[in-house]
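S.K.: Once you've had a glance at the structure underneath, I'll fire off some questions.
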Amino acid sequence: MGEPKSYKKKGTVKKILKDHFHGFWQMHAESYPESVRKSIEETVQKAMKCGSRDLGFALYECKGCKEGEPEPVYVCFTCKSRFCHGCGKKYTDEWTEKQVERILNVPHRHTVFTVPKELRKVFFNDRSKLNELSQEVAKVFQYYYRRMNKSREYEVGVITVIHTFGRDLKFNPHIHALVTEGALDKNKEWKRVEYISYEYLRKAWQKLLLDLLQKWYPESEKVKELVNELYGRYKHGFYVNAEQKMKDAKGAAKYIGRYLARPAIAEYRIVSYDGEKVHFWYEDHQTGKQVDAVVPVFKFLYDLLQHIPPKHFRMVGRFGLYSRSKNKEVQKIIEVWSFMKARQSEQVEFTFEMTKVRRRKKSYRERMMEAFDRDPLRCPCCKQRMLLVVIWHADYGRIYYYDEELEREQEKKWGMQAYERRKKQREKAAG
């Protein structure tokens, strides 16, 4: 067959899907839980059409150009799926920018709560249970702060992001959590806490997770036996990583944003694809060394697609100080606390701002100008901005047409002119 062709460029995963998804799905759709099959198929179909006219487009033309006959510009719609590499990155960037306005300007810690291999199949078969895991992660921290001083009723801020894949693409559900290093008490006073017992995190997480398991399967003797076995096997609790510390809000938002909407594998990790096998690499967590994997394309597809969540699945959870009902009020309290702290120390300059400018989403035109330093909607001949002529959507058909809009505007204009004429006639007659 010769040397495998290298695809170290954008579009590798999309090419693999176009080449093999139809045949793979006919043979292996039933390997996935029924609750996610429809979502997987719809997501993949959209991802394969992403950026093409099949999903829809906006058509721009230069009307009446006197310098030449420029080609029309098609701005194709995207799939907006977190499974898609391009759309997932855009979603993550926009989410991260938005979080900078919401995240409290205090130190945070990034923690990862893992699920032992003996329990992973439970979440593979029922993804909705992952959302309950996020709630349990928030409880781990809430319990810790509350037991420090019960009378002060501390409340901590927690943002969780659900992940289901490991670096090797296997199903490995875990929860990334961004936690404030401190809490607010019932008197609206901020208590900074830089240390949380690692032993506590592991054992508290183990207890909450195994309690959940017994709640889900209260009559199962096998589950009771498994719970006892896991307590014996994991005597120090389930693994929790709590090493990453974030000093400011912007850094915290960017860090957790990395885990929000990225596909299970970045395309730069795919070394080659020859139509039958996929060669990719990953870094082993334990050794820190790079591992090369060469797998049949159907195996690669199976591993990749198992991480597509059900439709409308909530990847992000907000708890405590980050719940919608409390976040704005808490931000003001933290700003005052930070201001007073800066005044007292007289070591840092601090600008006290109670209002923040809300960022708006960048348009396609703005993103292209920022990335490529050119205006994609400027006529190459006369240098004027092109006009939006047609908007067509795959589900709704043509939803805008320039000539029809022009005609309606003209009718509206003529109607106003007739109204003004009648008004003047009435005024003249009355005078």
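Letters A, B, ... mark the chains of the structure tokens in the order given; residue numbers begin at 1 per chain; ligand numbers begin at 1, in order shown.
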Each residue of range 185-212 of chain A lying at most 7 Å from range 225-247 of chain A should get a row with its shortest atom-to-atom pair and the distance in Å to one decimal, counting only C-alpha atoms; could you produce that, ordered by chain and increasing number, as a tab-separated table?
M.R.:
```
residue	atom	partner	partner_atom	distance
A:Leu201	CA	A:Val240	CA	6.8
A:Arg202	CA	A:Gly237	CA	4.6
A:Lys203	CA	A:Gly237	CA	4.3
A:Trp205	CA	A:Phe238	CA	6.6
A:Gln206	CA	A:Phe238	CA	5.3
A:Leu210	CA	A:Val227	CA	6.3
```
S.K.: Per DSSP on the backbone, what are the helix (DSSP H, G or I) residues of range 4-227 of chain A, as an MDAnalysis selection string?
M.R.: chainID A and resid 12:31 34:49 85:102 117:125 129:148 150:152 198:216 221:227
S.K.: I'd like the neighbourhood of range 361-377 of chain A as a ChimeraX atom specification, where a residue qualifies if any of its atoms comes within 9 Å (using only C-alpha atoms), though same-chain residues fewer than 6 positions away should be ignored.
M.R.: /A:60-61,73,75,94,384-387
S.K.: Compare A:Gln26, A:Thr12, A:Thr78, A:Thr92 by their minimum atom-to-atom distance to Tyr255 in chain A, counting only C-alpha atoms, and give me the closest one.
M.R.: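 Using only C-alpha atoms, Tyr255 in chain A sits closest to A:Thr92.
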S.K.: Could you list, as a list in words, every residue within 6 Å of Val100 in chain A, counting only C-alpha atoms and ignoring same-chain residues fewer than 2 positions away?
M.R.: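 Residues meeting the cut-off are Glu97, Lys98, Arg102, Ile103, Lys250 and Ala253 of chain A.
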S.K.: With distances taken over only C-alpha atoms, which of A:Tyr322, A:Phe280, A:Phe77, A:Tyr401 is nearest to Pro296 in chain A?
M.R.: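 Between A:Tyr322, A:Phe280, A:Phe77, A:Tyr401, the residue approaching Pro296 in chain A most closely is A:Phe280.
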S.K.: Find the distance between CA of Val140 in chain A and CA of Lys207 in chain A and write it in Å to one decimal.
M.R.: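 So the answer is 9.8 Å.
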S.K.: Env of Glu42 in chain A: 12 Å cut, atoms = only C-alpha atoms, seq-sep filter 2 positions within chain, self excluded. Answer as a PyMOL selection string.
M.R.: chain A and resi 21+25+36-40+44-49+79+81+83+305+308-311
